[in-house]
$ cat start.cif   # mmCIF, C-alpha atoms
data_protein
loop_
_atom_site.label_atom_id
_atom_site.label_comp_id
_atom_site.auth_asym_id
_atom_site.auth_seq_id
_atom_site.Cartn_x
_atom_site.Cartn_y
_atom_site.Cartn_z
CA MET J 1 0.00 0.00 0.00
CA ASN J 2 1.20 3.53 -0.78
CA LEU J 3 3.05 5.10 2.19
CA LYS J 4 0.92 8.24 2.22
CA ILE J 5 -2.28 6.17 2.26
CA ARG J 6 -0.98 4.10 5.18
CA LEU J 7 -0.11 7.21 7.17
CA THR J 8 -3.42 8.79 6.22
CA LEU J 9 -5.39 5.84 7.64
CA MET J 10 -3.26 5.99 10.80
CA ASN J 11 -4.15 9.66 11.29
CA PHE J 12 -7.82 9.03 10.50
CA LEU J 13 -8.11 6.40 13.23
CA GLU J 14 -5.96 8.33 15.72
CA PHE J 15 -8.28 11.31 15.78
CA ALA J 16 -11.48 9.34 15.29
CA VAL J 17 -10.76 7.82 18.71
CA TRP J 18 -10.72 11.31 20.25
CA GLY J 19 -13.63 12.76 18.30
CA ALA J 20 -16.03 10.18 19.72
CA TYR J 21 -16.20 11.90 23.10
CA LEU J 22 -14.10 15.08 23.21
CA THR J 23 -16.81 17.58 22.27
CA CYS J 24 -19.80 15.92 23.94
CA MET J 25 -18.43 14.37 27.12
CA GLY J 26 -19.41 17.49 29.08
CA ARG J 27 -23.04 16.99 28.16
CA TYR J 28 -22.98 13.37 29.33
CA LEU J 29 -21.30 14.33 32.60
CA GLY J 30 -23.99 16.93 33.24
CA ASN J 31 -26.68 14.31 32.77
CA ILE J 32 -25.16 12.07 35.47
CA GLY J 33 -24.86 14.97 37.93
CA MET J 34 -21.24 15.98 37.40
CA SER J 35 -21.64 19.34 35.63
CA THR J 36 -19.39 21.13 38.14
CA GLU J 37 -16.68 18.51 37.59
CA ILE J 38 -16.46 18.72 33.78
CA GLY J 39 -13.25 20.72 34.03
CA TRP J 40 -11.53 17.89 35.92
CA PHE J 41 -12.21 15.40 33.13
CA TYR J 42 -10.82 17.71 30.49
CA SER J 43 -7.93 18.81 32.69
CA MET J 44 -6.96 15.16 33.14
CA GLN J 45 -5.96 15.18 29.49
CA GLY J 46 -3.64 18.01 30.42
CA ILE J 47 -2.41 16.51 33.68
CA VAL J 48 -1.33 13.23 32.08
CA SER J 49 0.21 15.18 29.20
CA ILE J 50 2.58 16.79 31.69
CA PHE J 51 4.48 13.52 32.07
CA MET J 52 3.07 10.67 29.93
CA PRO J 53 4.05 11.92 26.42
CA ALA J 54 7.57 12.65 27.68
CA ILE J 55 7.92 9.23 29.32
CA ILE J 56 6.43 7.34 26.39
CA GLY J 57 8.48 9.46 23.98
CA ILE J 58 11.67 8.54 25.85
CA ILE J 59 10.77 4.83 25.61
CA ALA J 60 10.04 5.23 21.89
CA ASP J 61 13.31 7.09 21.32
CA ARG J 62 15.44 4.55 23.16
CA TRP J 63 13.87 1.11 23.47
CA VAL J 64 10.54 0.40 21.75
CA PRO J 65 9.87 1.46 18.13
CA ALA J 66 7.40 4.35 18.08
CA GLN J 67 4.76 2.54 16.01
CA LEU J 68 4.70 -0.43 18.43
CA MET J 69 4.64 1.88 21.44
CA MET J 70 1.65 3.64 19.91
CA GLY J 71 -0.16 0.32 19.49
CA ILE J 72 0.44 -0.72 23.09
CA CYS J 73 -0.88 2.62 24.31
CA HIS J 74 -4.03 2.29 22.21
CA LEU J 75 -4.69 -1.21 23.51
CA ILE J 76 -4.60 -0.02 27.12
CA ALA J 77 -6.56 3.15 26.33
CA GLY J 78 -9.27 1.18 24.54
CA VAL J 79 -9.72 -1.36 27.35
CA PHE J 80 -10.11 1.34 29.98
CA MET J 81 -12.49 3.33 27.78
CA PHE J 82 -14.70 0.23 27.65
CA LEU J 83 -14.52 -0.01 31.44
CA THR J 84 -15.51 3.65 31.75
CA ALA J 85 -18.55 3.05 29.56
CA TRP J 86 -19.47 -0.12 31.45
CA TYR J 87 -19.36 1.62 34.82
CA GLY J 88 -21.31 4.61 33.50
CA HIS J 89 -23.97 2.28 32.12
CA THR J 90 -24.38 0.20 35.27
CA ALA J 91 -24.22 3.10 37.76
CA GLY J 92 -26.21 5.72 35.81
CA THR J 93 -26.95 8.84 37.83
CA GLU J 94 -25.59 7.07 40.92
CA ALA J 95 -22.09 6.97 39.41
CA GLU J 96 -19.35 8.03 41.79
CA PHE J 97 -16.95 10.69 40.57
CA SER J 98 -13.87 8.89 41.92
CA THR J 99 -14.62 5.65 40.08
CA ILE J 100 -15.60 6.90 36.64
CA PHE J 101 -12.90 9.57 36.76
CA SER J 102 -10.20 7.02 37.62
CA LEU J 103 -11.16 4.66 34.79
CA TYR J 104 -11.33 7.53 32.32
CA ALA J 105 -8.01 8.92 33.57
CA VAL J 106 -6.11 5.69 32.86
CA SER J 107 -7.52 5.58 29.33
CA VAL J 108 -6.57 9.17 28.63
CA ALA J 109 -3.12 8.70 30.20
CA PHE J 110 -2.28 6.18 27.47
CA TYR J 111 -4.12 7.95 24.64
CA MET J 112 -2.51 11.39 24.94
CA PRO J 113 1.06 10.20 24.21
CA THR J 114 -0.12 8.70 20.94
CA LEU J 115 -0.76 12.17 19.54
CA ALA J 116 2.97 12.87 19.61
CA LEU J 117 3.90 9.32 18.58
CA THR J 118 1.66 9.61 15.51
CA ASN J 119 3.67 12.66 14.43
CA SER J 120 6.96 10.87 15.07
CA VAL J 121 5.90 7.83 13.04
CA ALA J 122 4.76 9.99 10.14
CA TYR J 123 7.79 12.30 10.15
CA ASN J 124 10.19 9.33 10.33
CA ALA J 125 8.51 7.47 7.48
CA LEU J 126 8.30 10.54 5.25
CA THR J 127 11.92 11.49 5.93
CA LYS J 128 13.17 7.96 5.16
CA ALA J 129 11.21 8.07 1.90
CA GLY J 130 12.95 11.32 0.96
CA MET J 131 9.84 13.47 1.25
CA ASP J 132 9.45 16.99 2.64
CA THR J 133 7.55 16.88 5.95
CA VAL J 134 6.44 20.53 5.72
CA ARG J 135 4.90 19.91 2.29
CA ASP J 136 3.78 16.29 2.55
CA PHE J 137 2.60 15.93 6.16
CA PRO J 138 -0.33 18.43 6.28
CA PRO J 139 -2.35 16.67 3.52
CA ILE J 140 -1.92 13.44 5.50
CA ARG J 141 -2.75 15.03 8.84
CA VAL J 142 -5.93 16.57 7.41
CA PHE J 143 -7.50 13.11 7.37
CA GLY J 144 -7.06 12.96 11.12
CA THR J 145 -9.50 15.81 11.29
CA VAL J 146 -11.80 13.98 8.87
CA GLY J 147 -11.77 11.01 11.26
CA PHE J 148 -12.58 13.31 14.17
CA ILE J 149 -15.54 14.75 12.26
CA CYS J 150 -16.84 11.33 11.24
CA THR J 151 -17.10 10.11 14.83
CA MET J 152 -18.60 13.43 15.97
CA TRP J 153 -21.38 12.99 13.41
CA PHE J 154 -21.75 9.30 14.21
CA VAL J 155 -22.16 10.00 17.93
CA ASP J 156 -24.63 12.83 17.23
CA LEU J 157 -26.80 10.92 14.76
CA MET J 158 -26.78 7.78 16.92
CA LYS J 159 -27.90 9.93 19.87
CA PHE J 160 -24.82 9.05 21.94
CA GLN J 161 -24.05 12.68 22.94
CA ALA J 162 -25.76 12.37 26.30
CA ASN J 163 -24.84 8.77 27.19
CA GLU J 164 -21.87 6.47 27.73
CA ASN J 165 -21.94 4.95 24.24
CA GLN J 166 -19.60 7.70 23.08
CA PHE J 167 -16.92 5.93 25.17
CA VAL J 168 -17.76 2.57 23.60
CA THR J 169 -17.26 4.10 20.15
CA SER J 170 -13.87 5.44 21.20
CA GLY J 171 -12.81 2.10 22.69
CA VAL J 172 -13.66 0.15 19.54
CA LEU J 173 -11.61 2.52 17.39
CA SER J 174 -8.63 2.31 19.77
CA ILE J 175 -8.55 -1.47 19.43
CA VAL J 176 -8.77 -1.20 15.64
CA LEU J 177 -5.81 1.18 15.62
CA PHE J 178 -3.86 -1.12 17.95
CA ILE J 179 -4.19 -3.88 15.35
CA TYR J 180 -3.33 -1.50 12.49
CA THR J 181 -0.05 -0.35 14.07
CA PHE J 182 1.47 -3.75 13.24
CA THR J 183 1.31 -2.77 9.55
CA LEU J 184 3.06 0.60 9.93
CA PRO J 185 6.67 1.39 8.90
CA SER J 186 9.17 0.65 11.65
CA CYS J 187 10.79 3.56 13.47
CA PRO J 188 14.42 3.34 14.64
CA VAL J 189 15.44 3.53 18.27
CA ALA J 190 18.66 5.16 19.46
CA LYS J 191 21.57 2.71 19.25
CA GLY J 192 23.80 1.94 22.18
CA GLY J 193 27.48 2.64 22.03
CA GLU J 194 29.79 4.77 24.06
CA LYS J 195 29.03 5.52 27.69
CA GLN J 196 26.20 8.02 28.02
CA SER J 197 25.30 10.59 30.61
CA LEU J 198 22.19 10.13 32.75
CA THR J 199 20.50 12.90 30.78
CA GLU J 200 21.10 11.03 27.52
CA ALA J 201 20.19 7.65 29.00
CA PHE J 202 16.77 8.85 30.12
CA GLY J 203 16.10 10.82 26.95
CA LEU J 204 15.97 14.19 28.74
CA LYS J 205 18.11 16.02 26.21
CA ALA J 206 15.00 17.68 24.80
CA PHE J 207 14.85 19.83 27.94
CA GLU J 208 18.18 21.35 26.92
CA LEU J 209 16.19 23.33 24.38
CA PHE J 210 15.26 25.65 27.26
CA ARG J 211 18.86 26.84 27.32
CA HIS J 212 18.15 28.74 24.13
CA LYS J 213 16.24 31.92 24.95
CA GLN J 214 13.94 31.97 21.93
CA MET J 215 13.18 28.26 22.17
CA ALA J 216 12.36 28.75 25.85
CA ILE J 217 10.03 31.63 24.95
CA PHE J 218 8.46 29.44 22.24
CA PHE J 219 7.69 26.64 24.71
CA ILE J 220 6.45 29.02 27.42
CA PHE J 221 4.01 30.70 25.08
CA SER J 222 3.02 27.29 23.73
CA MET J 223 1.90 26.61 27.29
CA LEU J 224 0.08 29.95 27.58
CA LEU J 225 -1.71 29.41 24.29
CA GLY J 226 -2.43 25.82 25.32
CA VAL J 227 -4.68 27.27 28.02
CA SER J 228 -7.24 28.00 25.31
CA LEU J 229 -7.13 24.62 23.56
CA GLN J 230 -9.68 22.59 25.50
CA ILE J 231 -12.10 25.31 26.69
CA THR J 232 -14.54 25.05 23.80
CA ASN J 233 -14.10 21.27 23.56
CA GLY J 234 -15.28 20.97 27.14
CA PHE J 235 -17.94 23.65 27.33
CA ALA J 236 -19.23 24.52 23.83
CA ASN J 237 -21.68 21.61 23.77
CA PRO J 238 -23.18 22.33 27.23
CA PHE J 239 -23.33 26.04 26.29
CA ILE J 240 -25.17 25.55 22.99
CA SER J 241 -27.44 22.89 24.50
CA SER J 242 -28.40 25.29 27.33
CA PHE J 243 -30.44 27.35 24.85
CA ALA J 244 -32.99 24.50 24.98
CA VAL J 245 -34.50 26.10 28.09
CA MET J 246 -35.51 29.12 25.97
CA PRO J 247 -38.63 28.37 23.88
CA GLU J 248 -37.48 30.54 20.97
CA TYR J 249 -34.32 28.44 20.56
CA ALA J 250 -35.39 24.98 21.76
CA ASP J 251 -36.13 23.57 18.30
CA THR J 252 -33.23 25.14 16.40
CA PHE J 253 -30.79 22.88 14.56
CA GLY J 254 -27.87 23.93 16.76
CA VAL J 255 -29.62 22.97 19.98
CA GLN J 256 -30.90 19.68 18.59
CA HIS J 257 -27.58 18.76 16.95
CA ALA J 258 -24.91 20.63 18.89
CA ASN J 259 -22.19 18.16 17.91
CA ILE J 260 -22.85 18.56 14.20
CA LEU J 261 -22.79 22.35 14.56
CA ILE J 262 -19.53 22.15 16.50
CA SER J 263 -18.10 19.82 13.85
CA LEU J 264 -17.91 22.84 11.53
CA SER J 265 -14.83 23.68 13.60
CA GLN J 266 -13.15 20.48 12.49
CA ILE J 267 -14.33 20.92 8.90
CA SER J 268 -12.60 24.29 8.99
CA GLU J 269 -9.48 22.49 10.21
CA THR J 270 -9.35 20.37 7.07
CA CYS J 271 -9.03 23.53 4.99
CA CYS J 272 -6.68 25.40 7.30
CA ILE J 273 -4.21 22.50 7.57
CA LEU J 274 -3.62 22.74 3.83
CA LEU J 275 -2.66 26.42 4.24
CA ILE J 276 0.11 25.66 6.72
CA PRO J 277 2.97 24.85 4.28
CA PHE J 278 2.40 28.15 2.47
CA CYS J 279 2.00 30.18 5.66
CA MET J 280 5.03 28.64 7.40
CA LYS J 281 7.29 29.38 4.45
CA ARG J 282 5.78 32.77 3.68
CA TYR J 283 5.30 34.20 7.17
CA GLY J 284 7.36 32.07 9.59
CA ILE J 285 6.56 30.54 12.95
CA LYS J 286 6.08 33.81 14.83
CA ASN J 287 3.45 35.25 12.54
CA VAL J 288 1.67 31.92 12.16
CA MET J 289 1.43 31.59 15.95
CA LEU J 290 0.24 35.20 16.24
CA ILE J 291 -2.52 34.48 13.74
CA ALA J 292 -3.55 31.52 15.91
CA MET J 293 -3.55 33.59 19.10
CA PHE J 294 -5.75 36.32 17.73
CA ALA J 295 -8.01 33.73 16.12
CA TRP J 296 -8.75 32.49 19.65
CA VAL J 297 -9.90 36.00 20.57
CA PHE J 298 -12.47 35.86 17.77
CA ARG J 299 -13.39 32.25 18.58
CA PHE J 300 -14.40 33.13 22.14
CA GLY J 301 -15.83 36.55 21.35
CA LEU J 302 -18.19 35.22 18.68
CA PHE J 303 -19.51 32.62 21.11
CA GLY J 304 -20.24 35.46 23.52
CA PHE J 305 -22.25 37.45 20.98
CA GLY J 306 -24.00 34.60 19.16
CA ASN J 307 -27.11 32.44 19.66
CA PRO J 308 -28.63 29.45 17.81
CA GLY J 309 -31.36 31.62 16.27
CA SER J 310 -30.76 34.91 14.47
CA GLY J 311 -27.21 34.96 15.77
CA VAL J 312 -26.30 31.47 14.57
CA TRP J 313 -24.09 33.01 11.89
CA MET J 314 -21.74 34.10 14.68
CA PHE J 315 -21.55 30.53 15.93
CA VAL J 316 -20.78 29.37 12.39
CA LEU J 317 -18.10 32.05 11.99
CA SER J 318 -16.61 31.03 15.33
CA MET J 319 -16.40 27.44 14.09
CA ILE J 320 -14.62 28.59 10.92
CA VAL J 321 -12.14 30.65 12.94
CA TYR J 322 -11.37 27.60 15.08
CA GLY J 323 -9.57 25.94 12.19
CA VAL J 324 -7.05 28.76 12.13
CA ALA J 325 -6.84 29.00 15.92
CA PHE J 326 -6.15 25.29 16.43
CA ASP J 327 -4.16 24.23 13.37
CA PHE J 328 -1.95 27.26 12.96
CA PHE J 329 -0.73 26.59 16.48
CA ASN J 330 -0.71 22.81 16.91
CA ILE J 331 0.46 21.65 13.50
CA SER J 332 2.85 24.54 12.84
CA GLY J 333 4.33 24.18 16.32
CA SER J 334 4.84 20.45 15.78
CA LEU J 335 6.55 21.04 12.43
CA PHE J 336 8.73 23.73 13.98
CA VAL J 337 9.84 21.36 16.76
CA ASP J 338 10.59 18.68 14.16
CA LYS J 339 12.82 21.04 12.19
CA ALA J 340 14.54 22.49 15.27
CA THR J 341 15.61 19.15 16.81
CA THR J 342 17.94 16.28 15.95
CA PRO J 343 16.61 12.76 15.21
CA GLU J 344 17.79 11.24 18.49
CA ILE J 345 15.61 13.56 20.59
CA ARG J 346 12.75 14.13 18.14
CA SER J 347 10.16 11.98 19.92
CA SER J 348 11.19 13.47 23.28
CA ALA J 349 10.95 16.99 21.87
CA GLN J 350 7.47 16.29 20.48
CA GLY J 351 6.57 14.97 23.92
CA LEU J 352 7.88 18.19 25.47
CA PHE J 353 5.74 20.26 23.10
CA MET J 354 2.73 18.16 24.11
CA LEU J 355 3.65 18.63 27.76
CA MET J 356 3.64 22.42 27.47
CA THR J 357 0.46 22.68 25.37
CA ASN J 358 -1.90 19.79 26.11
CA GLY J 359 -0.22 19.27 29.49
CA VAL J 360 0.46 22.30 31.64
CA GLY J 361 -1.45 24.76 29.45
CA ALA J 362 -4.61 22.70 28.96
CA THR J 363 -4.72 21.75 32.64
CA ILE J 364 -4.60 25.37 33.77
CA GLY J 365 -7.08 26.33 31.07
CA THR J 366 -9.79 23.78 31.79
CA LEU J 367 -9.64 24.10 35.56
CA GLY J 368 -9.60 27.89 35.29
CA ALA J 369 -12.46 27.86 32.79
CA GLN J 370 -14.50 25.62 35.10
CA GLN J 371 -14.11 28.16 37.91
CA VAL J 372 -15.17 31.02 35.64
CA ILE J 373 -18.20 29.06 34.42
CA ASN J 374 -19.15 27.95 37.94
CA HIS J 375 -19.07 31.63 38.97
CA PHE J 376 -21.28 32.93 36.18
CA THR J 377 -23.66 29.98 35.64
CA THR J 378 -25.76 27.43 37.51
CA GLY J 379 -27.35 24.07 36.74
CA THR J 380 -31.04 23.33 36.21
CA VAL J 381 -33.13 20.31 35.19
CA VAL J 382 -35.85 20.74 32.55
CA ASP J 383 -37.99 17.79 31.40
CA GLY J 384 -35.49 15.37 32.90
CA ASN J 385 -32.49 16.89 31.12
CA PHE J 386 -29.71 18.82 32.83
CA TYR J 387 -28.63 22.25 31.51
CA THR J 388 -26.06 24.82 32.58
CA ILE J 389 -27.62 28.28 32.36
CA GLY J 390 -26.62 31.81 33.35
CA ASP J 391 -24.25 34.54 32.17
CA TRP J 392 -22.36 32.57 29.56
CA GLN J 393 -21.50 35.79 27.72
CA SER J 394 -19.23 36.98 30.55
CA CYS J 395 -17.48 33.61 30.47
CA TRP J 396 -16.64 33.84 26.78
CA PHE J 397 -15.53 37.47 27.01
CA THR J 398 -13.20 36.56 29.89
CA PHE J 399 -11.57 33.87 27.76
CA ALA J 400 -11.29 36.27 24.79
CA LEU J 401 -9.52 38.90 26.91
CA TYR J 402 -7.00 36.33 28.11
CA ALA J 403 -6.17 35.24 24.55
CA LEU J 404 -5.75 38.88 23.51
CA ILE J 405 -3.26 39.60 26.29
CA VAL J 406 -1.21 36.48 25.48
CA GLY J 407 -1.07 37.43 21.81
CA VAL J 408 0.10 40.99 22.45
CA VAL J 409 2.84 39.95 24.91
CA PHE J 410 4.04 37.15 22.57
CA ALA J 411 4.35 39.64 19.72
CA MET J 412 6.65 41.78 21.87
CA LEU J 413 8.86 39.02 23.32
CA PHE J 414 9.34 36.32 20.67
CA LYS J 415 12.10 37.38 18.27
CA PRO J 416 13.47 34.30 16.51
CA ASP J 417 16.30 34.49 14.02
CA LYS J 418 15.72 34.15 10.30
CA GLU J 419 16.27 30.40 10.31
CA MET J 420 13.54 29.97 12.90
CA LEU J 421 11.22 32.33 11.08
CA LYS J 422 11.41 30.22 7.94
CA ALA J 423 11.57 26.85 9.72
#

$ encode --input "start.cif" --output "structure tokens"
Amino acid sequence: MNLKIRLTLMNFLEFAVWGAYLTCMGRYLGNIGMSTEIGWFYSMQGIVSIFMPAIIGIIADRWVPAQLMMGICHLIAGVFMFLTAWYGHTAGTEAEFSTIFSLYAVSVAFYMPTLALTNSVAYNALTKAGMDTVRDFPPIRVFGTVGFICTMWFVDLMKFQANENQFVTSGVLSIVLFIYTFTLPSCPVAKGGEKQSLTEAFGLKAFELFRHKQMAIFFIFSMLLGVSLQITNGFANPFISSFAVMPEYADTFGVQHANILISLSQISETCCILLIPFCMKRYGIKNVMLIAMFAWVFRFGLFGFGNPGSGVWMFVLSMIVYGVAFDFFNISGSLFVDKATTPEIRSSAQGLFMLMTNGVGATIGTLGAQQVINHFTTGTVVDGNFYTIGDWQSCWFTFALYALIVGVVFAMLFKPDKEMLKA
């Protein structure tokens, strides 16, 4: 099978696993009485990303080929996702936070490292085949977003948004990907040889990147921008669904099919990913990241002004902007790290990037967002369904202001040299 097709299918499955629950889990948690704990579930993705991608990346760099390590992780993640669904089904509204959270946490702990490993596998295979990663990877990665969209629609149309079957869907796909990893190109591990320092032995050389001022600034602002990454994933669905308590909006398409409306964000991604090679070469990493930062300002602001009725166009525009906000940061940042590091620390460096963004940044962001939302909103039950209602507008404007401040400060402090700018 053609290499690009093989890597395309890998990316499709990788993100299909995530798309099954990422945008609708908050709605399910609200229905089982855990609306005030949504932030913890999304922050767990960040908490485990603080250490798991780095640890798994070290193992992949030094001992276990990255594609096999990815398969092992998906096997464990899939099994525990099934257990999460099983417990949610049997316990219902009597589910205990500690139990369902623990099962979910183990699954996520082994899924999150695979995001970086997928990049490592693809970059390694493309490089060995003599291809240009900046040009050839984005068209492959775009099918990851297609996979994410497909499971979002599947979960919506199958009416899994408010129940545990979204976790079953994710678990099935994880097991499929585990099996598929045995067909992927093999990735090399670092060879033994002369005596190595402890830093080299444990694969911690990637942290030496912090010795370089501009690389340190890059990673720090990756963390600060990472704060924004999971906010809409965790709270957009409960927010849009909350309009159901208002008669004038209850029957609108957005309220009835929040996941499909939100999927416009991922559809936008498929287009924006294809712009990355041009933008990286034409504008450089700084300007591409600045575009992403200010796109988050519009993403949050449009949510604050919009509604599923006459203002639905603002929701749609916010979804379109998301493609720029997410891709111009995540994919461009990953490509930049790939170009700025040597092969022996590449997986570790990708893990470090994940640590700063989906780890520290996302953890702070989701827990902080939960506090903001708890302050401005409250829960209510209407016709047996749980909704979070209140001053959502103040929540979104707070998030928009934060993104604006980060963007302005980044513009003043990050001054990479010409090689970095054109990386």

$ closest_residue --input "start.cif" --among "J:Ala369, J:Ala236, J:Asn358, J:Val227" --to "J:Glu37" --atoms "only C-alpha atoms"
J:Ala369

$ resolve_selection --input "start.cif" --expression "the PyMOL selection byres ((chain J and resi 88) around 10)" --output "PyMOL selection string"
chain J and resi 28-29+32+82-87+89-96+99-100+163-165+167

$ closest_residue --input "start.cif" --among "J:Arg282, J:Trp296, J:Gly254, J:Val337" --to "J:Gly311" --atoms "only C-alpha atoms"
J:Gly254

$ resolve_selection --input "start.cif" --expression "the PyMOL selection byres ((chain J and resi 400) around 8)" --output "list in words"
Trp296, Val297, Phe298, Arg299, Phe300, Gly301, Trp396, Phe397, Thr398, Phe399, Leu401, Tyr402, Ala403 and Leu404 of chain J

$ closest_residue --input "start.cif" --among "J:Lys4, J:His257, J:Ala325, J:Asn233" --to "J:Gly26" --atoms "only C-alpha atoms"
J:Asn233

$ closest_residue --input "start.cif" --among "J:Thr151, J:Asn330, J:Ser268, J:Thr380" --to "J:Ala244" --atoms "all atoms listed in the file"
J:Thr380

$ closest_residue --input "start.cif" --among "J:Gln393, J:Ser228, J:Ser222, J:Ser332" --to "J:Gly284" --atoms "all atoms listed in the file"
J:Ser332

$ closest_atom_pairs --input "start.cif" --of "stretch 343-423 of chain J" --to "stretch 107-112 of chain J" --cutoff "12 Å" --atoms "all atoms listed in the file" --output "CSV"
residue,atom,partner,partner_atom,distance
J:Gln350,CA,J:Met112,CA,12.0
J:Gly351,CA,J:Met112,CA,9.8
J:Met354,CA,J:Met112,CA,8.6
J:Leu355,CA,J:Met112,CA,9.9
J:Thr357,CA,J:Met112,CA,11.7
J:Asn358,CA,J:Met112,CA,8.5
J:Gly359,CA,J:Met112,CA,9.4

$ atom_distance --input "start.cif" --atom1 "atom CA of J:Asn287" --atom2 "atom CA of J:Ile273"
15.7 Å

$ closest_residue --input "start.cif" --among "J:Pro53, J:Pro185, J:Gly144, J:Gly306" --to "J:Tyr123" --atoms "only C-alpha atoms"
J:Pro185

$ resolve_selection --input "start.cif" --expression "the PyMOL selection byres ((chain J and resi 65) around 8)" --output "list in words"
Ala60, Asp61, Trp63, Val64, Ala66, Gln67, Leu68, Met69, Ser186, Cys187, Pro188 and Val189 of chain J
